[in-house]
$ cat query09.txt   # compact mmCIF, C-alpha atoms
# COMPACT_ATOMS: atom_id res chain seq x y z
CA MET R 1 131.15 87.71 82.79
CA ILE R 2 129.73 85.86 79.83
CA ASP R 3 126.18 86.00 81.24
CA ILE R 4 126.25 89.82 81.17
CA HIS R 5 126.25 90.76 77.51
CA LEU R 6 123.76 93.59 76.96
CA PHE R 7 125.23 96.27 79.24
CA SER R 8 128.76 97.22 80.25
CA LEU R 9 128.94 96.30 83.92
CA PRO R 10 131.97 95.57 86.11
CA ASP R 11 132.69 92.09 87.42
CA LEU R 12 132.07 92.26 91.16
CA LEU R 13 131.20 88.63 91.77
CA GLY R 14 134.07 88.26 94.24
CA LYS R 15 132.56 90.73 96.74
CA ASP R 16 131.32 89.29 100.02
CA PHE R 17 128.03 90.76 101.26
CA THR R 18 127.41 88.31 104.11
CA ALA R 19 127.72 90.87 106.91
CA HIS R 20 125.64 93.42 105.02
CA ASN R 21 122.85 90.92 104.37
CA GLU R 22 122.71 89.82 107.99
CA MET R 23 122.46 93.45 109.08
CA SER R 24 119.85 94.22 106.42
CA LYS R 25 117.64 91.28 107.36
CA THR R 26 117.71 92.25 111.02
CA LEU R 27 116.98 95.89 110.20
CA TRP R 28 113.91 95.13 108.08
CA ASP R 29 112.62 92.52 110.53
CA ASP R 30 112.94 95.08 113.33
CA PHE R 31 111.35 97.78 111.18
CA ASN R 32 108.30 95.61 110.55
CA HIS R 33 107.92 95.24 114.32
CA ASN R 34 108.80 98.90 114.94
CA THR R 35 111.78 97.93 117.11
CA HIS R 36 114.48 99.17 114.73
CA SER R 37 117.31 101.42 115.89
CA ARG R 38 117.63 103.41 112.64
CA VAL R 39 115.52 104.03 109.57
CA PRO R 40 115.98 101.73 106.56
CA ILE R 41 117.41 103.28 103.39
CA HIS R 42 116.09 102.23 100.01
CA LEU R 43 116.66 103.61 96.51
CA ASN R 44 113.97 102.99 93.89
CA THR R 45 115.20 102.12 90.42
CA ASN R 46 114.08 100.39 87.24
CA PRO R 47 115.94 99.24 84.11
CA ARG R 48 116.11 102.78 82.72
CA VAL R 49 119.20 103.30 84.92
CA LEU R 50 120.94 100.99 82.46
CA MET R 51 119.13 101.80 79.22
CA GLN R 52 119.38 105.58 79.60
CA ASN R 53 122.99 105.67 80.78
CA PRO R 54 125.44 105.67 77.83
CA ALA R 55 128.21 104.38 80.09
CA TYR R 56 126.21 101.17 80.61
CA ASN R 57 124.19 101.01 77.39
CA THR R 58 127.11 100.84 74.98
CA LYS R 59 125.16 98.60 72.58
CA GLY R 60 122.20 100.96 72.20
CA ILE R 61 119.46 98.76 73.67
CA THR R 62 116.17 100.56 72.98
CA TYR R 63 112.86 100.59 74.81
CA TYR R 64 111.15 99.37 71.66
CA SER R 65 113.25 96.21 71.61
CA TYR R 66 112.88 95.88 75.39
CA MET R 67 109.08 95.95 75.17
CA THR R 68 108.68 93.79 72.08
CA ASP R 69 111.33 91.11 72.55
CA PRO R 70 111.08 88.86 75.63
CA GLU R 71 114.75 87.87 75.29
CA ILE R 72 115.82 91.51 75.56
CA MET R 73 113.42 92.21 78.44
CA GLY R 74 114.39 89.13 80.45
CA GLN R 75 118.12 89.67 80.04
CA THR R 76 117.83 93.39 80.81
CA ILE R 77 115.93 92.69 84.02
CA LEU R 78 118.58 90.19 85.08
CA GLU R 79 121.44 92.59 84.40
CA TRP R 80 119.56 95.39 86.19
CA SER R 81 119.08 93.05 89.15
CA TYR R 82 122.82 92.39 89.13
CA TRP R 83 123.46 96.15 89.09
CA MET R 84 121.21 96.64 92.12
CA ARG R 85 122.71 93.74 94.05
CA PHE R 86 126.36 94.55 93.35
CA LEU R 87 126.58 98.31 92.72
CA LEU R 88 123.65 100.15 94.31
CA PRO R 89 124.03 101.28 97.96
CA GLY R 90 121.13 100.61 100.30
CA ASP R 91 119.65 98.26 102.86
CA HIS R 92 118.46 95.71 100.29
CA GLU R 93 119.84 92.19 99.98
CA LYS R 94 123.06 92.09 97.98
CA GLY R 95 125.18 89.55 96.17
CA LEU R 96 123.97 86.49 94.30
CA PRO R 97 120.44 85.41 95.23
CA GLU R 98 119.36 81.82 95.62
CA ARG R 99 117.14 82.36 92.58
CA TRP R 100 116.79 85.29 90.21
CA GLN R 101 113.33 86.53 89.26
CA VAL R 102 112.12 88.06 86.01
CA HIS R 103 108.81 89.75 85.31
CA VAL R 104 106.94 91.57 82.56
CA ASP R 105 107.69 95.30 82.64
CA PHE R 106 105.64 97.72 80.55
CA GLU R 107 106.69 100.81 82.53
CA ASN R 108 103.77 103.24 83.00
CA ILE R 109 102.04 102.80 79.63
CA TYR R 110 100.14 99.59 80.30
CA ASP R 111 96.86 101.05 81.54
CA ALA R 112 96.33 103.42 78.62
CA ALA R 113 97.74 100.85 76.17
CA TRP R 114 95.19 98.28 77.34
CA PHE R 115 92.41 100.70 76.35
CA GLY R 116 94.02 101.13 72.93
CA ALA R 117 96.01 104.34 73.33
CA PRO R 118 98.87 104.67 70.80
CA ILE R 119 102.31 104.13 72.31
CA GLY R 120 105.24 106.30 71.27
CA PHE R 121 108.91 105.31 71.35
CA HIS R 122 111.44 108.13 71.12
CA ALA R 123 115.20 107.80 71.36
CA ASP R 124 116.65 108.34 74.84
CA GLN R 125 113.18 108.48 76.42
CA VAL R 126 110.89 106.05 78.18
CA PRO R 127 107.81 105.14 76.10
CA TYR R 128 104.64 107.16 76.50
CA ALA R 129 100.93 106.78 75.81
CA ALA R 130 99.44 109.45 73.55
CA PRO R 131 95.86 110.62 74.23
CA LEU R 132 93.22 108.40 72.66
CA MET R 133 90.20 110.75 72.77
CA THR R 134 89.73 114.27 71.42
CA ASP R 135 86.90 116.68 72.18
CA ASP R 136 84.97 115.15 69.28
CA THR R 137 85.64 111.51 70.18
CA LYS R 138 85.61 111.54 73.97
CA ARG R 139 82.69 109.10 74.16
CA MET R 140 84.30 106.52 71.90
CA ILE R 141 85.59 104.56 74.91
CA PHE R 142 82.02 103.86 76.03
CA ASP R 143 81.00 102.74 72.55
CA THR R 144 83.94 100.34 72.42
CA GLY R 145 83.16 98.94 75.85
CA ILE R 146 85.43 97.57 78.57
CA PRO R 147 88.32 95.66 76.99
CA LYS R 148 88.54 91.95 77.67
CA PRO R 149 91.17 91.29 80.35
CA PHE R 150 93.48 89.24 78.14
CA SER R 151 92.79 90.81 74.74
CA GLY R 152 94.58 93.52 72.82
CA GLU R 153 98.18 93.96 71.77
CA TRP R 154 99.66 94.59 75.19
CA ALA R 155 97.71 92.08 77.27
CA GLU R 156 98.43 89.41 74.67
CA ARG R 157 102.09 90.38 74.68
CA ALA R 158 102.20 90.03 78.46
CA LEU R 159 100.83 86.50 78.17
CA GLU R 160 103.38 85.69 75.47
CA PHE R 161 106.26 87.03 77.55
CA ILE R 162 105.16 85.13 80.65
CA SER R 163 104.89 81.94 78.61
CA HIS R 164 108.33 82.56 77.09
CA PHE R 165 109.89 83.13 80.51
CA GLU R 166 108.20 80.07 82.02
CA GLU R 167 109.36 77.82 79.19
CA LYS R 168 112.94 79.04 79.53
CA SER R 169 112.79 78.49 83.28
CA LYS R 170 111.55 74.91 82.80
CA GLN R 171 114.46 74.30 80.43
CA GLY R 172 117.00 75.32 83.07
CA TRP R 173 117.38 79.06 82.58
CA SER R 174 120.22 80.35 84.75
CA PHE R 175 122.13 83.58 85.23
CA LEU R 176 125.56 83.81 86.84
CA GLY R 177 125.21 80.22 88.00
CA ARG R 178 121.85 80.66 89.74
CA PRO R 179 118.42 79.53 88.43
CA VAL R 180 115.95 82.04 87.00
CA GLU R 181 112.28 81.82 87.93
CA VAL R 182 109.26 83.81 86.77
CA ALA R 183 107.63 86.12 89.29
CA VAL R 184 103.88 85.66 89.80
CA SER R 185 103.32 89.07 88.33
CA SER R 186 101.89 91.06 85.45
CA PRO R 187 101.36 94.80 85.04
CA PHE R 188 97.67 94.07 84.53
CA MET R 189 97.33 92.68 88.07
CA GLY R 190 97.48 96.27 89.30
CA SER R 191 96.93 99.77 87.98
CA ASP R 192 98.44 103.24 88.15
CA GLY R 193 95.08 104.73 89.10
CA ALA R 194 91.77 105.56 87.42
CA PHE R 195 92.31 109.32 87.31
CA THR R 196 95.83 108.90 85.91
CA ALA R 197 94.47 106.58 83.23
CA ALA R 198 91.76 109.11 82.40
CA ALA R 199 94.40 111.83 82.06
CA SER R 200 96.38 109.62 79.68
CA LEU R 201 93.37 108.65 77.57
CA ARG R 202 91.76 112.08 77.38
CA GLY R 203 94.92 114.18 77.70
CA ALA R 204 95.53 116.15 80.90
CA THR R 205 94.28 119.43 79.42
CA GLY R 206 91.15 117.82 78.02
CA LEU R 207 90.34 116.08 81.28
CA CYS R 208 90.84 119.21 83.37
CA THR R 209 88.62 121.15 80.95
CA ASP R 210 85.98 118.45 81.27
CA ILE R 211 86.06 118.77 85.05
CA LEU R 212 84.99 122.40 84.65
CA LEU R 213 82.66 122.13 81.65
CA ASP R 214 81.40 118.55 81.60
CA PRO R 215 81.69 117.10 85.12
CA ASP R 216 79.05 114.44 84.48
CA TYR R 217 81.23 113.02 81.72
CA VAL R 218 84.23 112.88 84.05
CA GLU R 219 82.27 110.95 86.64
CA GLU R 220 81.01 108.56 83.97
CA LEU R 221 84.54 108.10 82.62
CA LEU R 222 86.04 107.43 86.05
CA ASP R 223 83.32 104.91 86.86
CA PHE R 224 83.96 103.19 83.54
CA ILE R 225 87.73 103.00 84.11
CA THR R 226 87.33 101.85 87.71
CA ASP R 227 84.94 99.09 86.65
CA ALA R 228 87.38 98.05 83.92
CA PHE R 229 90.37 97.95 86.26
CA ILE R 230 88.53 95.90 88.86
CA LEU R 231 87.42 93.34 86.28
CA ARG R 232 90.87 93.17 84.69
CA MET R 233 92.77 92.86 87.94
CA GLN R 234 90.45 90.17 89.26
CA ALA R 235 90.83 88.16 86.06
CA TRP R 236 94.62 88.44 85.92
CA ARG R 237 95.06 87.59 89.59
CA GLU R 238 92.89 84.52 89.23
CA HIS R 239 94.73 83.51 86.05
CA LEU R 240 98.12 83.71 87.76
CA GLY R 241 96.95 82.09 90.99
CA TYR R 242 97.33 85.27 93.03
CA PRO R 243 94.76 86.22 95.69
CA VAL R 244 92.19 88.77 94.56
CA GLN R 245 92.03 90.18 98.08
CA THR R 246 95.19 90.66 100.14
CA ASP R 247 96.06 91.84 103.62
CA ASP R 248 98.64 94.33 102.32
CA PHE R 249 97.71 96.35 99.24
CA GLY R 250 99.11 99.41 97.53
CA SER R 251 98.19 101.38 94.46
CA ALA R 252 98.89 104.76 92.87
CA ASP R 253 97.21 107.69 91.12
CA ASP R 254 99.82 110.38 90.49
CA SER R 255 97.61 112.65 88.38
CA VAL R 256 95.39 113.52 91.34
CA GLU R 257 97.97 116.19 92.12
CA MET R 258 96.11 118.29 89.52
CA LEU R 259 92.99 118.32 91.72
CA SER R 260 91.90 120.50 94.60
CA LEU R 261 90.76 118.81 97.78
CA ASP R 262 87.10 119.33 96.87
CA GLN R 263 87.63 118.05 93.33
CA TYR R 264 89.36 114.94 94.64
CA ARG R 265 86.55 114.37 97.11
CA GLN R 266 83.92 114.61 94.36
CA PHE R 267 85.53 112.88 91.41
CA VAL R 268 88.07 110.39 92.72
CA LEU R 269 87.45 109.47 96.35
CA PRO R 270 84.33 107.33 95.67
CA ARG R 271 86.22 105.39 92.97
CA HIS R 272 89.27 104.92 95.21
CA GLN R 273 86.96 103.74 97.98
CA ARG R 274 85.45 101.06 95.76
CA PHE R 275 88.85 100.06 94.41
CA TYR R 276 90.47 99.57 97.83
CA ASP R 277 87.39 97.88 99.27
CA THR R 278 87.52 95.36 96.41
CA PHE R 279 91.16 94.33 96.81
CA CYS R 280 91.93 95.03 100.47
CA PRO R 281 88.76 95.30 102.54
CA ASN R 282 90.42 94.85 105.93
CA GLY R 283 94.21 94.92 105.54
CA LYS R 284 96.98 97.50 105.43
CA ARG R 285 96.61 100.02 102.64
CA GLY R 286 99.25 102.12 100.93
CA ILE R 287 99.47 104.55 98.03
CA HIS R 288 102.17 105.99 95.79
CA LEU R 289 101.74 109.70 94.98
CA CYS R 290 104.96 111.23 93.72
CA GLY R 291 103.78 114.75 92.94
CA ASN R 292 102.40 117.74 94.84
CA ALA R 293 99.54 115.88 96.54
CA GLN R 294 100.24 116.34 100.25
CA ARG R 295 97.02 118.31 100.76
CA LEU R 296 95.15 115.06 100.05
CA PHE R 297 97.00 112.88 102.57
CA PRO R 298 94.82 113.52 105.66
CA LEU R 299 91.67 112.77 103.67
CA LEU R 300 93.21 109.58 102.28
CA LYS R 301 93.99 108.41 105.78
CA GLU R 302 90.63 109.43 107.20
CA LYS R 303 88.35 108.12 104.45
CA LEU R 304 90.36 105.26 102.93
CA ASN R 305 92.38 104.15 105.96
CA ILE R 306 95.62 104.50 104.00
CA THR R 307 98.51 104.37 106.46
CA ALA R 308 101.54 104.00 104.15
CA PHE R 309 102.56 106.75 101.73
CA ASP R 310 105.24 106.41 99.07
CA THR R 311 106.09 109.98 98.14
CA GLY R 312 108.09 112.13 95.78
CA PHE R 313 108.53 115.88 95.62
CA PRO R 314 107.58 118.42 96.90
CA LEU R 315 106.87 117.36 100.47
CA ASP R 316 106.85 119.03 103.86
CA PHE R 317 108.13 116.28 106.16
CA ALA R 318 107.51 118.15 109.40
CA LEU R 319 103.92 118.83 108.36
CA PHE R 320 103.44 115.20 107.34
CA ARG R 321 104.41 113.91 110.77
CA SER R 322 102.37 116.51 112.66
CA GLU R 323 99.26 115.95 110.51
CA MET R 324 99.47 112.21 109.99
CA GLY R 325 100.73 111.05 113.37
CA LYS R 326 103.52 108.70 114.45
CA ASP R 327 101.75 105.56 113.24
CA THR R 328 101.64 106.54 109.55
CA ARG R 329 104.46 105.17 107.41
CA ILE R 330 106.13 107.41 104.87
CA SER R 331 108.78 106.62 102.27
CA GLY R 332 110.50 109.74 101.00
CA GLY R 333 113.58 111.89 100.85
CA PRO R 334 115.48 114.49 98.82
CA ARG R 335 114.16 115.34 95.37
CA ALA R 336 115.64 113.05 92.74
CA PRO R 337 117.55 115.66 90.66
CA LEU R 338 119.85 116.36 93.62
CA PHE R 339 121.29 112.87 93.20
CA THR R 340 122.52 113.65 89.69
CA GLU R 341 124.65 116.68 90.57
CA GLU R 342 128.42 116.40 90.31
CA SER R 343 128.89 117.14 94.00
CA PRO R 344 126.72 115.51 96.69
CA LYS R 345 126.84 118.65 98.85
CA ALA R 346 123.28 119.87 98.19
CA LEU R 347 121.95 116.30 98.39
CA LEU R 348 123.51 115.75 101.80
CA GLU R 349 122.34 119.11 103.12
CA GLU R 350 118.78 118.31 102.10
CA THR R 351 119.03 114.81 103.55
CA GLU R 352 120.18 116.21 106.87
CA ARG R 353 117.39 118.80 106.88
CA ILE R 354 114.79 116.08 106.29
CA LEU R 355 116.16 113.75 108.95
CA ARG R 356 116.16 116.59 111.50
CA SER R 357 112.63 117.74 110.59
CA GLY R 358 110.85 115.49 113.09
CA ILE R 359 109.95 112.86 110.52
CA LEU R 360 111.77 110.21 112.57
CA GLU R 361 109.24 110.48 115.40
CA GLY R 362 107.55 107.10 115.71
CA GLY R 363 110.10 105.40 113.49
CA GLN R 364 107.72 104.86 110.58
CA PHE R 365 110.00 106.32 107.92
CA ILE R 366 111.93 104.82 105.00
CA LEU R 367 114.60 107.10 103.60
CA GLN R 368 114.74 107.12 99.80
CA GLU R 369 114.94 109.48 96.83
CA GLY R 370 111.88 111.48 95.88
CA ASN R 371 111.06 109.62 93.62
CA ASN R 372 112.90 107.06 91.46
CA LEU R 373 116.63 107.34 90.95
CA PRO R 374 117.44 109.11 87.66
CA PRO R 375 119.75 107.58 85.07
CA CYS R 376 123.38 108.76 85.17
CA THR R 377 123.27 109.33 88.92
CA PRO R 378 126.87 109.08 90.22
CA LEU R 379 127.05 106.07 92.51
CA LYS R 380 129.36 108.04 94.80
CA ASN R 381 126.41 110.31 95.56
CA CYS R 382 124.26 107.32 96.45
CA GLU R 383 127.02 106.03 98.72
CA ALA R 384 127.36 109.41 100.46
CA PHE R 385 123.57 109.57 100.87
CA TYR R 386 123.52 106.08 102.37
CA GLU R 387 126.35 106.80 104.78
CA LEU R 388 124.71 110.00 106.01
CA GLY R 389 121.37 108.23 106.37
CA CYS R 390 122.99 105.54 108.52
CA GLN R 391 124.66 108.22 110.63
CA LEU R 392 121.71 110.56 111.17
CA GLY R 393 118.84 108.07 110.85
CA THR R 394 119.29 106.66 114.35
CA LEU R 395 116.04 106.73 116.26
CA PRO R 396 115.75 108.07 119.80
CA ARG R 397 114.17 105.47 122.03
CA SER R 398 111.46 107.95 123.01
CA SER R 399 110.22 108.07 119.40
CA LEU R 400 109.26 104.39 119.20
$ encode --input "query09.txt" --output "structure tokens"
Amino acid sequence: MIDIHLFSLPDLLGKDFTAHNEMSKTLWDDFNHNTHSRVPIHLNTNPRVLMQNPAYNTKGITYYSYMTDPEIMGQTILEWSYWMRFLLPGDHEKGLPERWQVHVDFENIYDAAWFGAPIGFHADQVPYAAPLMTDDTKRMIFDTGIPKPFSGEWAERALEFISHFEEKSKQGWSFLGRPVEVAVSSPFMGSDGAFTAAASLRGATGLCTDILLDPDYVEELLDFITDAFILRMQAWREHLGYPVQTDDFGSADDSVEMLSLDQYRQFVLPRHQRFYDTFCPNGKRGIHLCGNAQRLFPLLKEKLNITAFDTGFPLDFALFRSEMGKDTRISGGPRAPLFTEESPKALLEETERILRSGILEGGQFILQEGNNLPPCTPLKNCEAFYELGCQLGTLPRSSL
């Protein structure tokens, strides 16, 4: 396959996915109307499954080149999309699409990077944002002021990459015989959460110390970051022609797992309230929290009207359904490291335990890994997981 030249991937273009795609479309349509007969199964991945797997990344493609060269990023995203469509088990659409899509991907560094945090690139690791503020400089962010939405190294790079992709698309960019288009997307249209950004900029230890010793500073910092995110997201959405307010909106804030219920209520809830009210005042709201944050879920539903939870590990599925009710959607499943083991035995045992926990009541459940499939996961384990999910994920009519 001449179009696949960065990663070592098998040629599976002759496979026919027609029956699978018809089944998948019906399943998701039924799920959205809560008339499905079994739960959908979805595995979350990103390009690290290629870049951090030596069996695929035989040419040593690095994250530095991926994040600084639009040619590398665009081609990597296309080859990752091929991997998902031809190798990864699940209830997603497979085979060649009518049109491929590419987007700008800055992993999880973009929020802190936008504020000026230094970004580190280490071999065999995803990039990270180092803390920007020490105990002696923790007010520097206020002196600098809110960054301009489109200024700074990373925002400017996003604009450059989008422009590069759009120009290639206009010139007839194709991949495996199908046209490539640019998704109406940028990392800066969303955020990974104000508290998570604060933890990146201040350092988790520094921020937690501030909560105890300088709570007024923490509230000022979170207000500042929330204001900045709202202004940035509004500007980027308007720039790309995307609605500022939508009827279906999701966000994240993984670092809130460090907080007690009372601390969340004091420091983060008012900022989350303003954030969701700005971008989704009346629609369906969701949140991604992939750590130990289950104690916060009832409050998030009660105060923020969040009814869709994308989860990780640890999680008590029986407790979730009893506390949150049948109408609350949850995406979750076995902890991600189980997928990487040589034998799928422990993975399948945990999958069965979860599916028999009562989480299927109401049908509002998407079976996935908890959370994000690790590199070097044996695909045979994913296939075994999918097959068991299809077998045991059937919903009793009384649950719908």
$ atom_distance --input "query09.txt" --atom1 "CA of Met23 (chain R)" --atom2 "CA of Gln368 (chain R)"
18.2 Å
$ atom_distance --input "query09.txt" --atom1 "CA of Leu304 (chain R)" --atom2 "CA of Gln273 (chain R)"
6.2 Å
$ closest_residue --input "query09.txt" --among "R:Pro344, R:Trp236, R:Ile77, R:Gly193" --to "Leu379 (chain R)" --atoms "all atoms listed in the file"
R:Pro344
$ residues_around --input "query09.txt" --residues "Ala123 (chain R)" --least-positions-apart "6" --cutoff "10 Å" --atoms "only C-alpha atoms" --output "PyMOL selection string"
chain R and resi 52+60+62-64
$ write_last_selection --input "query09.txt" --atoms "C-alpha atoms" --output "compact mmCIF listing (two decimals), in the frame of the given file"
# COMPACT_ATOMS: atom_id res chain seq x y z
CA GLN R 52 119.38 105.58 79.60
CA GLY R 60 122.20 100.96 72.20
CA THR R 62 116.17 100.56 72.98
CA TYR R 63 112.86 100.59 74.81
CA TYR R 64 111.15 99.37 71.66
$ residues_near_point --input "query09.txt" --point "(107.5, 103.9, 70.8)" --cutoff "12 Å" --atoms "only C-alpha atoms" --output "list of chain:residue names"
R:Thr62, R:Tyr63, R:Tyr64, R:Ser65, R:Tyr66, R:Met67, R:Thr68, R:Phe106, R:Ile109, R:Ala113, R:Ala117, R:Pro118, R:Ile119, R:Gly120, R:Phe121, R:His122, R:Ala123, R:Asp124, R:Gln125, R:Val126, R:Pro127, R:Tyr128, R:Ala129, R:Ala130
$ atom_distance --input "query09.txt" --atom1 "CA of Glu181 (chain R)" --atom2 "CA of Arg85 (chain R)"
17.0 Å
$ axis_aligned_box --input "query09.txt" --around "region 205-220 of chain R" --padding-each-side "6 Å" --output "lines of an AutoDock Vina configuration file"
center_x = 86.7
center_y = 115.5
center_z = 82.3
size_x = 27.2
size_y = 25.8
size_z = 20.6
$ residues_around --input "query09.txt" --residues "Leu395 (chain R)" --least-positions-apart "4" --cutoff "10 Å" --atoms "all atoms listed in the file" --output "PyMOL selection string"
chain R and resi 35-39+360-363+399-400
$ closest_residue --input "query09.txt" --among "R:Glu387, R:Asp316, R:Glu342, R:Asp30" --to "Ser357 (chain R)" --atoms "all atoms listed in the file"
R:Asp316
$ residues_around --input "query09.txt" --residues "Thr278 (chain R)" --least-positions-apart "2" --cutoff "9 Å" --atoms "only C-alpha atoms" --output "list in words"
Ile230, Val244, Gln245, Gln273, Arg274, Phe275, Tyr276, Cys280 and Pro281 of chain R
$ closest_residue --input "query09.txt" --among "R:Arg335, R:Ser81, R:Gly325, R:Pro378" --to "Gly358 (chain R)" --atoms "all atoms listed in the file"
R:Gly325
$ residues_near_point --input "query09.txt" --point "(116.2, 102.3, 107.1)" --cutoff "8 Å" --atoms "all atoms listed in the file" --output "VMD selection string"
chain R and resid 27 to 28 31 38 to 42 91 365 to 367 389 to 390 393
$ closest_residue --input "query09.txt" --among "R:Thr26, R:Asn44, R:Thr137, R:Ser174" --to "Pro97 (chain R)" --atoms "all atoms listed in the file"
R:Ser174
$ closest_residue --input "query09.txt" --among "R:Ser186, R:Thr311, R:Val268, R:Ile61" --to "Leu240 (chain R)" --atoms "all atoms listed in the file"
R:Ser186
$ residues_around --input "query09.txt" --residues "region 205-211 of chain R" --least-positions-apart "6" --cutoff "12 Å" --atoms "only C-alpha atoms" --output "compact mmCIF listing (two decimals) with C-alpha atoms, keeping the file's coordinate frame"
# COMPACT_ATOMS: atom_id res chain seq x y z
CA PRO R 131 95.86 110.62 74.23
CA LEU R 132 93.22 108.40 72.66
CA MET R 133 90.20 110.75 72.77
CA THR R 134 89.73 114.27 71.42
CA ASP R 135 86.90 116.68 72.18
CA ASP R 136 84.97 115.15 69.28
CA THR R 137 85.64 111.51 70.18
CA LYS R 138 85.61 111.54 73.97
CA PHE R 195 92.31 109.32 87.31
CA THR R 196 95.83 108.90 85.91
CA ALA R 197 94.47 106.58 83.23
CA ALA R 198 91.76 109.11 82.40
CA ALA R 199 94.40 111.83 82.06
CA TYR R 217 81.23 113.02 81.72
CA VAL R 218 84.23 112.88 84.05
CA GLU R 219 82.27 110.95 86.64
CA GLU R 220 81.01 108.56 83.97
CA LEU R 221 84.54 108.10 82.62
CA LEU R 222 86.04 107.43 86.05
CA SER R 255 97.61 112.65 88.38
CA VAL R 256 95.39 113.52 91.34
CA GLU R 257 97.97 116.19 92.12
CA MET R 258 96.11 118.29 89.52
CA LEU R 259 92.99 118.32 91.72
CA SER R 260 91.90 120.50 94.60
CA ASP R 262 87.10 119.33 96.87
CA GLN R 263 87.63 118.05 93.33
CA TYR R 264 89.36 114.94 94.64
CA GLN R 266 83.92 114.61 94.36
CA PHE R 267 85.53 112.88 91.41
CA VAL R 268 88.07 110.39 92.72
$ residues_around --input "query09.txt" --residues "Glu71 (chain R)" --least-positions-apart "3" --cutoff "9 Å" --atoms "only C-alpha atoms" --output "list in words"
Tyr66, Gly74, Gln75, Thr76, Phe161, His164 and Phe165 of chain R
$ closest_residue --input "query09.txt" --among "R:Arg232, R:His5, R:Arg157, R:Lys168" --to "Gly190 (chain R)" --atoms "all atoms listed in the file"
R:Arg232
